[in-house]
Amino acid sequence: MRISIYTVSRIFLGTLWLMGELGDGRKSPYKEKSRRGMYDLDTSRLPINITAMAGVGISLTCRVQVLECGNFHSVVWYKENNRYQFSDRVYVYRHHSGVSKAEGSWMGRASHIYETDTFLMKVLVSPLLLNDQGSYRCEITYEEPGRWFKDRCLTGQVSHLAVLGKPDQVLVTLENSTIVNNNTLLGPYQIGDRVVVKCSARGGRPVPQVTWYNGTEMITNSWDRRVEHENGTGSAKSEISVTVSRYDLGKGLQCRINSSAVPIPVVRSVYLDVEVPPVNLRMEPLKEFVDEGGKISVSCTATQSRPAAYIYWNSDPLIPGLERDNETVIKTNLTFTTTSTVTVEASRELASISCFASNKVLDDKKMSHLSAAANLNVKFSPEILIGSVGLKKVYKVVDDTLTLNCPFKANPKQVTVSWYRNNNLLSLTDLSVRSILPDNSKIEIKNMRRKNSGVYSCMVGNIVGNSDIVDILELLVEDVPSVQLTLNPTTPISEGLKENVTLKCAPLPPDTKLMSVKWFLDGALLKQLPDCPDERLDPLQGQDTRYTQIQQDICDMDPTKIILENVGRNFHGNYSCQGKNRAGWGSISNTERLRIYYAPVSLQREAPTITLKKGDNITISCLLKNPGNPKAEAAIWLRGGVRVKGESGLNLTLKDVGVIDDENFTCIPFNKVGKGLGSSVLLSIVTPPRILKGLSSLSGAPVARSQVELFCSVECSPLCTIDWLINGTRIFNGTKYILKEKVKLPDYTSNILSQVESRLIMNVTAWEGGLVPDRDTANYTCLSSNNTVGSRVFSSTLFRVHFPPRSIQISPRLQTVKENLRPRDFRCGAKGYPPAKYFWQFENGTRTRSGETLRFKSPVRRTDGGSYTCTAFNSLGNVQESVRLNVVYKPECYIDKEIRESILYLRCMVDAFPPNVTYYWYQGETLISSAIFSSATQFEISKGIVGEFSCQALNLAGLGPRCTIQINDPSSLLIEEQDFTLITFGAIFVSIFVLSLILSVIFCRKKSDGKYDITVIHEVQDDLTIRTREEKTSALENKTLNQMKSSNGCSAIPAPPPEDEPVITPPAVHTPSTAAGEKAEPAPTAGVSNFGRASTKQRRRSRKMLNRAPTELWLV
């Protein structure tokens, strides 16, 4: 039988666990790790869900699989925690020993029953607690090892227990946290009072729901709060605020607690004791008419009040002793009805009677009492009302109109009035008498004559009876006087002269005398003469003889004449008079105008202050209390006590107000009489913050500077302050930054109001490292504060450290280019601030081009080759760096003749770059020599050698053109300098040399593959540096001799390449830049075609340099 490793491992682990279960029980009974690694949950069976109430008992069932797994050893119950990761053991049962034990939260509350017929293990838990809610897992350990390790025998059985609980506590409290018992009556409350009631329920599971009801309607505007704990328990609270109204009378407030743990809601009720005012007050019964002297009985009823209302009475006019009588109170449901009755005697004076109702609610809240009133209609005969002053005398003039009125009272008011004059019935049909009212109680007498004089009486009657005939007035009709007024003098009078004026009021015929005169000024009574004192009111009258005589003289004075003394402006106006005789006052006289001239009067008050913005316009008016007479139309204006030129009107217009206008302005009005004292107004000129001198957009300082200062000036009135910011952060006074602020007074010359100047001093000596270019680049801002006129302003600058150019770089550093081609641009760059400017110089030191780029606009020539220097500069210094341009061109030559020691030498003078060239000598078309060493530049002409000789040079650029010279007789050239012997020997030597050379050439050509077929090896040095001919001469000569010595000791003359054969041009090589302070190696070329041709002297110097210093590109 084959047993897998997996099976063996499971048997081993199960045995270890079984040994632990059968041990001495030392394992903690309260907590053990879940054996889920060995027991799996049976996912094919859904967990058992159990819901129960707290306080009852439940049973948890676990099925024992005896038939499938054999007899069992033990059953253990676990309460799951943290989603099956750890479990608390709550019950264990060992079958063989019969030992059972409740542990943990089940201790003392659990027992078990094992039903052998159904193989069910039941654990009974009682009483059930809220904390028992959770998931429980039953694990069974079987005895038979072979069957025990089956997967189905390791399956745990899970039951989910949900425990419901009733709320532990239900409380109803008031706003002050007073606990209210169920069915409590709260109050008393009055209409409009606010009642706050809270209902809370705690404990239980799930969290209960608290709701308020007003009778059968749910209160929706409650404030609810609900707290739920992690275990599902919690509390709920609901608070209501009720404004008491009549609707709440007799109704209760119910708090209902609903929970799935209780079958019906828990209800707590409170009731409100509500006090309400009476709703209605009615008065009854009322009769339409009551005869004078009869009895009147009236009742008033107030309904729907709580507490009962009280009723009180009033009448017009007030009847003494009018009180409550026969007052009864009846309770209807929850309210009361109050009734009060009074009985009074009817009289003509009794016009109305009223009742009022109130109770405690209306009194406490100071509300209006209910009222009901009725007008009484008492019938009586007419009564004429004339008062007790006696018969009135009325004086009227002819043609005047008089209205007579017969006042009365009666009920009913339908009356008839009869008029009498001197006890004779007055006919109302007379043309001079007219009835105004239908009942004739008011009549009018027009166009009166003296015959209308007499005593007028009236009588009034109605359905009840007639009144007595009563005298109303006595009428006296007379004529009144007419008067005329004159003034002296009639011309205008100046107030300053203090003159007197006489006024006379004369009666016109037929009247000659007046009893009294009224004097009027501008229609108002000025004086009435004579001004006789009333003896009854003057206690000195009759007691003091002198005083009495004076008063009598005043009373006897002529009333038609008055004298105005020392007249002033108060006497100015229109005068008139009115005369009186025994007939009465006549009409008012004509009007005469008394003209008084006086100076204008300014409005004297504290000078008001007017605040204006700088630049505004304003018109100031001259404030006059009195414009004077004649009216002032001009004024003198003073600004700060100094007269304003060109301004003389009553209005002063100021445009674009500024510093000069921040003064006190005074207006002095004047007319032809004089000038006033003047009135003032104070102008206060303000301005919002404005930058006067701000910061430039860019600023900086040299790197060596030890102190830097920034300045900012702001105009502002009222004054403001200035802050400094660096990159948006405020700067405070300290060692690194020093802030200085100065306030300057207004400047009249520049029209600047008060200003604030601020200086920011950067104390660089306190900065680490001083000014550092990149680190100390920052935005500095000068920021003002607000003032009452406007908002803040600011000015910013980007501060950078200035330093001379450095780290100059040029690209490329070296270029080699063929003649008549265009090289690439040279570019120059350096770090510095202010940003560096650039210019380029050629070798001769002249400035050739500005800008960072050196560009060749046309193909270069040989004279353009050489060293170019870029200079980067700013205001603080400069730095230089050089580049090199090599112009490669074919050799050009000419032959120079030289006689040394009576020998004619031909020298091939070559101008080429690279300067290391191979020289070819020809006689006719025959190549006679080819070499690169220095001796090859010259050729010795032996005696007897004549003909055409030519030289041709080859370098990296190619083969140059030949230069030719004709030699006919070399010895003739030496006659002047050498003797014949020397010439002879020289000719023999040359002949032998030429013959030997020809034989050698012929012989070597036979040995070689072809005539003049010499292999030319092109070698290019790696470093491409320029080397002088003196350094390479010996090496080149030795190398050339070795090449010329071929086999059999013959020397081969290398043949030049065809002139059209292409020559390989080496690439441009970039060498490292010359270190600072080192002298750059001189270039062998001169001149730049783009910037100007080199002079003849420069060309000669270039040729010498080419012959003296071959380039690093040379041919072997």
# chains A, B, ... in the order shown; residues from 1 in each chain; ligands from 1
>>> residues_around(residues="A:Gly678", least_positions_apart="5", cutoff="7 Å", atoms="only C-alpha atoms", output="PyMOL selection string")
chain A and resi 602+666-669
>>> residues_around(residues="stretch 228-245 of chain A", least_positions_apart="2", cutoff="7 Å", atoms="only C-alpha atoms", output="PDB file with all heavy atoms, in the first residue's frame")
ATOM      1  N   GLN A 190     -47.965  79.455  29.172  1.00  0.00           N
ATOM      2  CA  GLN A 190     -48.866  80.361  28.480  1.00  0.00           C
ATOM      3  C   GLN A 190     -48.564  80.346  26.988  1.00  0.00           C
ATOM      4  O   GLN A 190     -47.484  79.922  26.549  1.00  0.00           O
ATOM      5  CB  GLN A 190     -48.710  81.792  29.032  1.00  0.00           C
ATOM      6  CG  GLN A 190     -49.123  81.909  30.485  1.00  0.00           C
ATOM      7  CD  GLN A 190     -48.974  83.326  31.006  1.00  0.00           C
ATOM      8  OE1 GLN A 190     -48.457  84.191  30.326  1.00  0.00           O
ATOM      9  NE2 GLN A 190     -49.464  83.551  32.242  1.00  0.00           N
ATOM     10  N   ILE A 191     -49.515  80.831  26.222  1.00  0.00           N
ATOM     11  CA  ILE A 191     -49.361  80.842  24.759  1.00  0.00           C
ATOM     12  C   ILE A 191     -48.100  81.635  24.386  1.00  0.00           C
ATOM     13  O   ILE A 191     -47.871  82.742  24.884  1.00  0.00           O
ATOM     14  CB  ILE A 191     -50.599  81.452  24.093  1.00  0.00           C
ATOM     15  CG1 ILE A 191     -51.787  80.502  24.245  1.00  0.00           C
ATOM     16  CG2 ILE A 191     -50.354  81.740  22.624  1.00  0.00           C
ATOM     17  CD1 ILE A 191     -53.065  81.032  23.650  1.00  0.00           C
ATOM     18  N   GLY A 192     -47.299  81.025  23.520  1.00  0.00           N
ATOM     19  CA  GLY A 192     -46.061  81.672  23.079  1.00  0.00           C
ATOM     20  C   GLY A 192     -44.843  81.210  23.843  1.00  0.00           C
ATOM     21  O   GLY A 192     -43.709  81.480  23.415  1.00  0.00           O
ATOM     22  N   ASP A 193     -45.041  80.535  25.002  1.00  0.00           N
ATOM     23  CA  ASP A 193     -43.892  80.013  25.735  1.00  0.00           C
ATOM     24  C   ASP A 193     -43.227  78.891  24.939  1.00  0.00           C
ATOM     25  O   ASP A 193     -43.892  78.174  24.173  1.00  0.00           O
ATOM     26  CB  ASP A 193     -44.323  79.497  27.113  1.00  0.00           C
ATOM     27  CG  ASP A 193     -44.749  80.634  28.031  1.00  0.00           C
ATOM     28  OD1 ASP A 193     -44.515  81.799  27.642  1.00  0.00           O
ATOM     29  OD2 ASP A 193     -45.307  80.353  29.100  1.00  0.00           O
ATOM     30  N   ARG A 194     -41.916  78.735  25.153  1.00  0.00           N
ATOM     31  CA  ARG A 194     -41.173  77.659  24.486  1.00  0.00           C
ATOM     32  C   ARG A 194     -40.852  76.577  25.496  1.00  0.00           C
ATOM     33  O   ARG A 194     -40.333  76.847  26.580  1.00  0.00           O
ATOM     34  CB  ARG A 194     -39.872  78.208  23.879  1.00  0.00           C
ATOM     35  CG  ARG A 194     -39.143  77.209  22.996  1.00  0.00           C
ATOM     36  CD  ARG A 194     -37.903  77.854  22.374  1.00  0.00           C
ATOM     37  NE  ARG A 194     -36.904  78.156  23.383  1.00  0.00           N
ATOM     38  CZ  ARG A 194     -35.931  77.329  23.739  1.00  0.00           C
ATOM     39  NH1 ARG A 194     -35.834  76.128  23.165  1.00  0.00           N
ATOM     40  NH2 ARG A 194     -35.056  77.661  24.659  1.00  0.00           N
ATOM     41  N   VAL A 195     -41.182  75.332  25.114  1.00  0.00           N
ATOM     42  CA  VAL A 195     -40.952  74.177  25.976  1.00  0.00           C
ATOM     43  C   VAL A 195     -40.014  73.222  25.240  1.00  0.00           C
ATOM     44  O   VAL A 195     -40.287  72.846  24.096  1.00  0.00           O
ATOM     45  CB  VAL A 195     -42.270  73.466  26.333  1.00  0.00           C
ATOM     46  CG1 VAL A 195     -41.998  72.282  27.242  1.00  0.00           C
ATOM     47  CG2 VAL A 195     -43.228  74.449  26.985  1.00  0.00           C
ATOM     48  N   VAL A 196     -38.905  72.883  25.895  1.00  0.00           N
ATOM     49  CA  VAL A 196     -37.935  71.947  25.319  1.00  0.00           C
ATOM     50  C   VAL A 196     -38.017  70.654  26.119  1.00  0.00           C
ATOM     51  O   VAL A 196     -37.850  70.653  27.344  1.00  0.00           O
ATOM     52  CB  VAL A 196     -36.499  72.515  25.347  1.00  0.00           C
ATOM     53  CG1 VAL A 196     -35.514  71.484  24.812  1.00  0.00           C
ATOM     54  CG2 VAL A 196     -36.420  73.790  24.518  1.00  0.00           C
ATOM     55  N   VAL A 197     -38.276  69.544  25.412  1.00  0.00           N
ATOM     56  CA  VAL A 197     -38.402  68.228  26.040  1.00  0.00           C
ATOM     57  C   VAL A 197     -37.470  67.271  25.297  1.00  0.00           C
ATOM     58  O   VAL A 197     -37.422  67.270  24.057  1.00  0.00           O
ATOM     59  CB  VAL A 197     -39.847  67.703  26.006  1.00  0.00           C
ATOM     60  CG1 VAL A 197     -39.969  66.444  26.841  1.00  0.00           C
ATOM     61  CG2 VAL A 197     -40.802  68.772  26.501  1.00  0.00           C
ATOM     62  N   LYS A 198     -36.729  66.486  26.066  1.00  0.00           N
ATOM     63  CA  LYS A 198     -35.797  65.523  25.484  1.00  0.00           C
ATOM     64  C   LYS A 198     -36.204  64.124  25.891  1.00  0.00           C
ATOM     65  O   LYS A 198     -36.641  63.898  27.026  1.00  0.00           O
ATOM     66  CB  LYS A 198     -34.368  65.792  25.963  1.00  0.00           C
ATOM     67  CG  LYS A 198     -33.900  67.223  25.725  1.00  0.00           C
ATOM     68  CD  LYS A 198     -32.528  67.451  26.352  1.00  0.00           C
ATOM     69  CE  LYS A 198     -32.107  68.910  26.238  1.00  0.00           C
ATOM     70  NZ  LYS A 198     -30.806  69.139  26.902  1.00  0.00           N
ATOM     71  N   CYS A 199     -36.040  63.203  24.962  1.00  0.00           N
ATOM     72  CA  CYS A 199     -36.332  61.795  25.231  1.00  0.00           C
ATOM     73  C   CYS A 199     -35.129  60.987  24.788  1.00  0.00           C
ATOM     74  O   CYS A 199     -34.656  61.145  23.647  1.00  0.00           O
ATOM     75  CB  CYS A 199     -37.596  61.346  24.495  1.00  0.00           C
ATOM     76  SG  CYS A 199     -38.050  59.624  24.835  1.00  0.00           S
ATOM     77  N   SER A 200     -34.597  60.124  25.659  1.00  0.00           N
ATOM     78  CA  SER A 200     -33.411  59.346  25.333  1.00  0.00           C
ATOM     79  C   SER A 200     -33.615  57.896  25.726  1.00  0.00           C
ATOM     80  O   SER A 200     -34.309  57.587  26.699  1.00  0.00           O
ATOM     81  CB  SER A 200     -32.177  59.916  26.037  1.00  0.00           C
ATOM     82  OG  SER A 200     -32.336  59.867  27.439  1.00  0.00           O
ATOM     83  N   ALA A 201     -33.034  56.999  24.939  1.00  0.00           N
ATOM     84  CA  ALA A 201     -33.081  55.556  25.216  1.00  0.00           C
ATOM     85  C   ALA A 201     -31.672  55.011  25.092  1.00  0.00           C
ATOM     86  O   ALA A 201     -30.986  55.271  24.099  1.00  0.00           O
ATOM     87  CB  ALA A 201     -34.025  54.851  24.242  1.00  0.00           C
ATOM     88  N   ARG A 202     -31.236  54.248  26.095  1.00  0.00           N
ATOM     89  CA  ARG A 202     -29.873  53.712  26.125  1.00  0.00           C
ATOM     90  C   ARG A 202     -29.900  52.203  26.216  1.00  0.00           C
ATOM     91  O   ARG A 202     -30.838  51.612  26.749  1.00  0.00           O
ATOM     92  CB  ARG A 202     -29.100  54.287  27.313  1.00  0.00           C
ATOM     93  CG  ARG A 202     -28.913  55.792  27.265  1.00  0.00           C
ATOM     94  CD  ARG A 202     -28.125  56.257  28.465  1.00  0.00           C
ATOM     95  NE  ARG A 202     -27.930  57.696  28.448  1.00  0.00           N
ATOM     96  CZ  ARG A 202     -27.309  58.383  29.418  1.00  0.00           C
ATOM     97  NH1 ARG A 202     -26.853  57.728  30.475  1.00  0.00           N
ATOM     98  NH2 ARG A 202     -27.166  59.692  29.319  1.00  0.00           N
ATOM     99  N   GLY A 203     -28.811  51.627  25.720  1.00  0.00           N
ATOM    100  CA  GLY A 203     -28.644  50.186  25.826  1.00  0.00           C
ATOM    101  C   GLY A 203     -29.488  49.429  24.831  1.00  0.00           C
ATOM    102  O   GLY A 203     -30.209  49.996  24.008  1.00  0.00           O
ATOM    103  N   GLY A 204     -29.395  48.099  24.921  1.00  0.00           N
ATOM    104  CA  GLY A 204     -30.162  47.256  24.021  1.00  0.00           C
ATOM    105  C   GLY A 204     -29.504  47.123  22.665  1.00  0.00           C
ATOM    106  O   GLY A 204     -28.557  47.832  22.307  1.00  0.00           O
ATOM    107  N   ARG A 205     -29.991  46.204  21.912  1.00  0.00           N
ATOM    108  CA  ARG A 205     -29.517  45.987  20.549  1.00  0.00           C
ATOM    109  C   ARG A 205     -30.713  45.573  19.722  1.00  0.00           C
ATOM    110  O   ARG A 205     -31.477  44.709  20.132  1.00  0.00           O
ATOM    111  CB  ARG A 205     -28.456  44.892  20.503  1.00  0.00           C
ATOM    112  CG  ARG A 205     -27.842  44.728  19.117  1.00  0.00           C
ATOM    113  CD  ARG A 205     -26.913  43.521  18.987  1.00  0.00           C
ATOM    114  NE  ARG A 205     -25.695  43.679  19.746  1.00  0.00           N
ATOM    115  CZ  ARG A 205     -25.311  42.877  20.732  1.00  0.00           C
ATOM    116  NH1 ARG A 205     -26.100  41.852  21.053  1.00  0.00           N
ATOM    117  NH2 ARG A 205     -24.195  43.054  21.390  1.00  0.00           N
ATOM    118  N   PRO A 206     -30.949  46.129  18.555  1.00  0.00           N
ATOM    119  CA  PRO A 206     -30.181  47.216  17.934  1.00  0.00           C
ATOM    120  C   PRO A 206     -30.478  48.551  18.603  1.00  0.00           C
ATOM    121  O   PRO A 206     -31.314  48.644  19.498  1.00  0.00           O
ATOM    122  CB  PRO A 206     -30.670  47.200  16.494  1.00  0.00           C
ATOM    123  CG  PRO A 206     -32.074  46.695  16.597  1.00  0.00           C
ATOM    124  CD  PRO A 206     -32.067  45.674  17.705  1.00  0.00           C
ATOM    125  N   VAL A 207     -29.791  49.612  18.135  1.00  0.00           N
ATOM    126  CA  VAL A 207     -30.004  50.939  18.709  1.00  0.00           C
ATOM    127  C   VAL A 207     -31.456  51.352  18.444  1.00  0.00           C
ATOM    128  O   VAL A 207     -31.910  51.309  17.298  1.00  0.00           O
ATOM    129  CB  VAL A 207     -29.025  51.967  18.074  1.00  0.00           C
ATOM    130  CG1 VAL A 207     -29.309  53.354  18.641  1.00  0.00           C
ATOM    131  CG2 VAL A 207     -27.594  51.556  18.340  1.00  0.00           C
ATOM    132  N   PRO A 208     -32.202  51.726  19.487  1.00  0.00           N
ATOM    133  CA  PRO A 208     -33.633  52.033  19.295  1.00  0.00           C
ATOM    134  C   PRO A 208     -33.832  53.322  18.495  1.00  0.00           C
ATOM    135  O   PRO A 208     -32.930  54.139  18.356  1.00  0.00           O
ATOM    136  CB  PRO A 208     -34.147  52.184  20.730  1.00  0.00           C
ATOM    137  CG  PRO A 208     -32.943  52.582  21.515  1.00  0.00           C
ATOM    138  CD  PRO A 208     -31.781  51.881  20.893  1.00  0.00           C
ATOM    139  N   GLN A 209     -35.020  53.485  17.985  1.00  0.00           N
ATOM    140  CA  GLN A 209     -35.434  54.694  17.266  1.00  0.00           C
ATOM    141  C   GLN A 209     -36.398  55.472  18.149  1.00  0.00           C
ATOM    142  O   GLN A 209     -37.385  54.936  18.635  1.00  0.00           O
ATOM    143  CB  GLN A 209     -36.103  54.332  15.944  1.00  0.00           C
ATOM    144  CG  GLN A 209     -36.533  55.547  15.131  1.00  0.00           C
ATOM    145  CD  GLN A 209     -37.217  55.157  13.845  1.00  0.00           C
ATOM    146  OE1 GLN A 209     -37.441  53.979  13.615  1.00  0.00           O
ATOM    147  NE2 GLN A 209     -37.533  56.135  13.027  1.00  0.00           N
ATOM    148  N   VAL A 210     -36.075  56.788  18.355  1.00  0.00           N
ATOM    149  CA  VAL A 210     -36.867  57.634  19.250  1.00  0.00           C
ATOM    150  C   VAL A 210     -37.639  58.634  18.397  1.00  0.00           C
ATOM    151  O   VAL A 210     -37.034  59.333  17.563  1.00  0.00           O
ATOM    152  CB  VAL A 210     -35.963  58.367  20.263  1.00  0.00           C
ATOM    153  CG1 VAL A 210     -36.803  59.244  21.178  1.00  0.00           C
ATOM    154  CG2 VAL A 210     -35.155  57.351  21.070  1.00  0.00           C
ATOM    155  N   THR A 211     -38.987  58.699  18.615  1.00  0.00           N
ATOM    156  CA  THR A 211     -39.844  59.578  17.828  1.00  0.00           C
ATOM    157  C   THR A 211     -40.840  60.264  18.756  1.00  0.00           C
ATOM    158  O   THR A 211     -41.343  59.643  19.701  1.00  0.00           O
ATOM    159  CB  THR A 211     -40.609  58.789  16.751  1.00  0.00           C
ATOM    160  OG1 THR A 211     -39.692  57.994  16.009  1.00  0.00           O
ATOM    161  CG2 THR A 211     -41.320  59.731  15.793  1.00  0.00           C
ATOM    162  N   SER A 222     -37.838  67.662  14.930  1.00  0.00           N
ATOM    163  CA  SER A 222     -37.071  67.328  16.129  1.00  0.00           C
ATOM    164  C   SER A 222     -35.584  67.263  15.792  1.00  0.00           C
ATOM    165  O   SER A 222     -35.185  67.117  14.636  1.00  0.00           O
ATOM    166  CB  SER A 222     -37.540  65.987  16.695  1.00  0.00           C
ATOM    167  OG  SER A 222     -37.342  64.958  15.735  1.00  0.00           O
ATOM    168  N   TRP A 223     -34.775  67.391  16.841  1.00  0.00           N
ATOM    169  CA  TRP A 223     -33.314  67.246  16.693  1.00  0.00           C
ATOM    170  C   TRP A 223     -32.946  65.876  17.233  1.00  0.00           C
ATOM    171  O   TRP A 223     -33.144  65.571  18.421  1.00  0.00           O
ATOM    172  CB  TRP A 223     -32.602  68.348  17.470  1.00  0.00           C
ATOM    173  CG  TRP A 223     -31.099  68.252  17.354  1.00  0.00           C
ATOM    174  CD1 TRP A 223     -30.324  68.728  16.372  1.00  0.00           C
ATOM    175  CD2 TRP A 223     -30.211  67.628  18.297  1.00  0.00           C
ATOM    176  NE1 TRP A 223     -28.999  68.455  16.607  1.00  0.00           N
ATOM    177  CE2 TRP A 223     -28.891  67.774  17.793  1.00  0.00           C
ATOM    178  CE3 TRP A 223     -30.386  66.946  19.506  1.00  0.00           C
ATOM    179  CZ2 TRP A 223     -27.777  67.275  18.452  1.00  0.00           C
ATOM    180  CZ3 TRP A 223     -29.274  66.448  20.167  1.00  0.00           C
ATOM    181  CH2 TRP A 223     -27.976  66.615  19.636  1.00  0.00           C
ATOM    182  N   ASP A 224     -32.459  65.000  16.361  1.00  0.00           N
ATOM    183  CA  ASP A 224     -32.203  63.606  16.714  1.00  0.00           C
ATOM    184  C   ASP A 224     -30.708  63.330  16.720  1.00  0.00           C
ATOM    185  O   ASP A 224     -29.961  63.869  15.879  1.00  0.00           O
ATOM    186  CB  ASP A 224     -32.903  62.674  15.720  1.00  0.00           C
ATOM    187  CG  ASP A 224     -34.401  62.869  15.711  1.00  0.00           C
ATOM    188  OD1 ASP A 224     -34.947  63.182  16.788  1.00  0.00           O
ATOM    189  OD2 ASP A 224     -35.010  62.732  14.635  1.00  0.00           O
ATOM    190  N   ARG A 225     -30.302  62.470  17.643  1.00  0.00           N
ATOM    191  CA  ARG A 225     -28.902  62.056  17.737  1.00  0.00           C
ATOM    192  C   ARG A 225     -28.863  60.559  18.024  1.00  0.00           C
ATOM    193  O   ARG A 225     -29.595  60.068  18.876  1.00  0.00           O
ATOM    194  CB  ARG A 225     -28.189  62.834  18.842  1.00  0.00           C
ATOM    195  CG  ARG A 225     -26.709  62.482  18.984  1.00  0.00           C
ATOM    196  CD  ARG A 225     -26.051  63.405  20.011  1.00  0.00           C
ATOM    197  NE  ARG A 225     -24.643  63.112  20.184  1.00  0.00           N
ATOM    198  CZ  ARG A 225     -24.157  62.272  21.099  1.00  0.00           C
ATOM    199  NH1 ARG A 225     -24.991  61.643  21.907  1.00  0.00           N
ATOM    200  NH2 ARG A 225     -22.853  62.056  21.193  1.00  0.00           N
ATOM    201  N   ARG A 226     -28.020  59.870  17.303  1.00  0.00           N
ATOM    202  CA  ARG A 226     -27.962  58.404  17.418  1.00  0.00           C
ATOM    203  C   ARG A 226     -26.498  57.983  17.507  1.00  0.00           C
ATOM    204  O   ARG A 226     -25.680  58.380  16.674  1.00  0.00           O
ATOM    205  CB  ARG A 226     -28.633  57.750  16.218  1.00  0.00           C
ATOM    206  CG  ARG A 226     -28.841  56.249  16.317  1.00  0.00           C
ATOM    207  CD  ARG A 226     -29.681  55.760  15.137  1.00  0.00           C
ATOM    208  NE  ARG A 226     -29.991  54.352  15.225  1.00  0.00           N
ATOM    209  CZ  ARG A 226     -29.239  53.382  14.702  1.00  0.00           C
ATOM    210  NH1 ARG A 226     -28.130  53.706  14.042  1.00  0.00           N
ATOM    211  NH2 ARG A 226     -29.576  52.113  14.826  1.00  0.00           N
ATOM    212  N   TYR A 247     -53.600  75.109  20.475  1.00  0.00           N
ATOM    213  CA  TYR A 247     -53.732  73.751  19.940  1.00  0.00           C
ATOM    214  C   TYR A 247     -53.261  72.707  20.951  1.00  0.00           C
ATOM    215  O   TYR A 247     -53.733  71.569  20.955  1.00  0.00           O
ATOM    216  CB  TYR A 247     -52.906  73.652  18.655  1.00  0.00           C
ATOM    217  CG  TYR A 247     -52.836  72.263  18.065  1.00  0.00           C
ATOM    218  CD1 TYR A 247     -53.869  71.763  17.287  1.00  0.00           C
ATOM    219  CD2 TYR A 247     -51.724  71.457  18.299  1.00  0.00           C
ATOM    220  CE1 TYR A 247     -53.800  70.490  16.757  1.00  0.00           C
ATOM    221  CE2 TYR A 247     -51.642  70.189  17.768  1.00  0.00           C
ATOM    222  CZ  TYR A 247     -52.682  69.703  16.992  1.00  0.00           C
ATOM    223  OH  TYR A 247     -52.601  68.442  16.463  1.00  0.00           O
ATOM    224  N   ASP A 248     -52.328  73.089  21.833  1.00  0.00           N
ATOM    225  CA  ASP A 248     -51.764  72.133  22.792  1.00  0.00           C
ATOM    226  C   ASP A 248     -52.630  71.968  24.029  1.00  0.00           C
ATOM    227  O   ASP A 248     -52.261  71.195  24.930  1.00  0.00           O
ATOM    228  CB  ASP A 248     -50.370  72.600  23.218  1.00  0.00           C
ATOM    229  CG  ASP A 248     -49.417  72.688  22.035  1.00  0.00           C
ATOM    230  OD1 ASP A 248     -49.321  71.717  21.288  1.00  0.00           O
ATOM    231  OD2 ASP A 248     -48.776  73.751  21.873  1.00  0.00           O
TER     232      ASP A 248
END
>>> select_by_dssp(residues="stretch 467-687 of chain A", states="alpha helix (DSSP H)", output="VMD selection string")
chain A and resid 545 to 556
>>> closest_residue(among="A:Glu139, A:Asp864, A:Glu819, A:Glu284", to="A:Val888", atoms="only C-alpha atoms")
A:Glu819
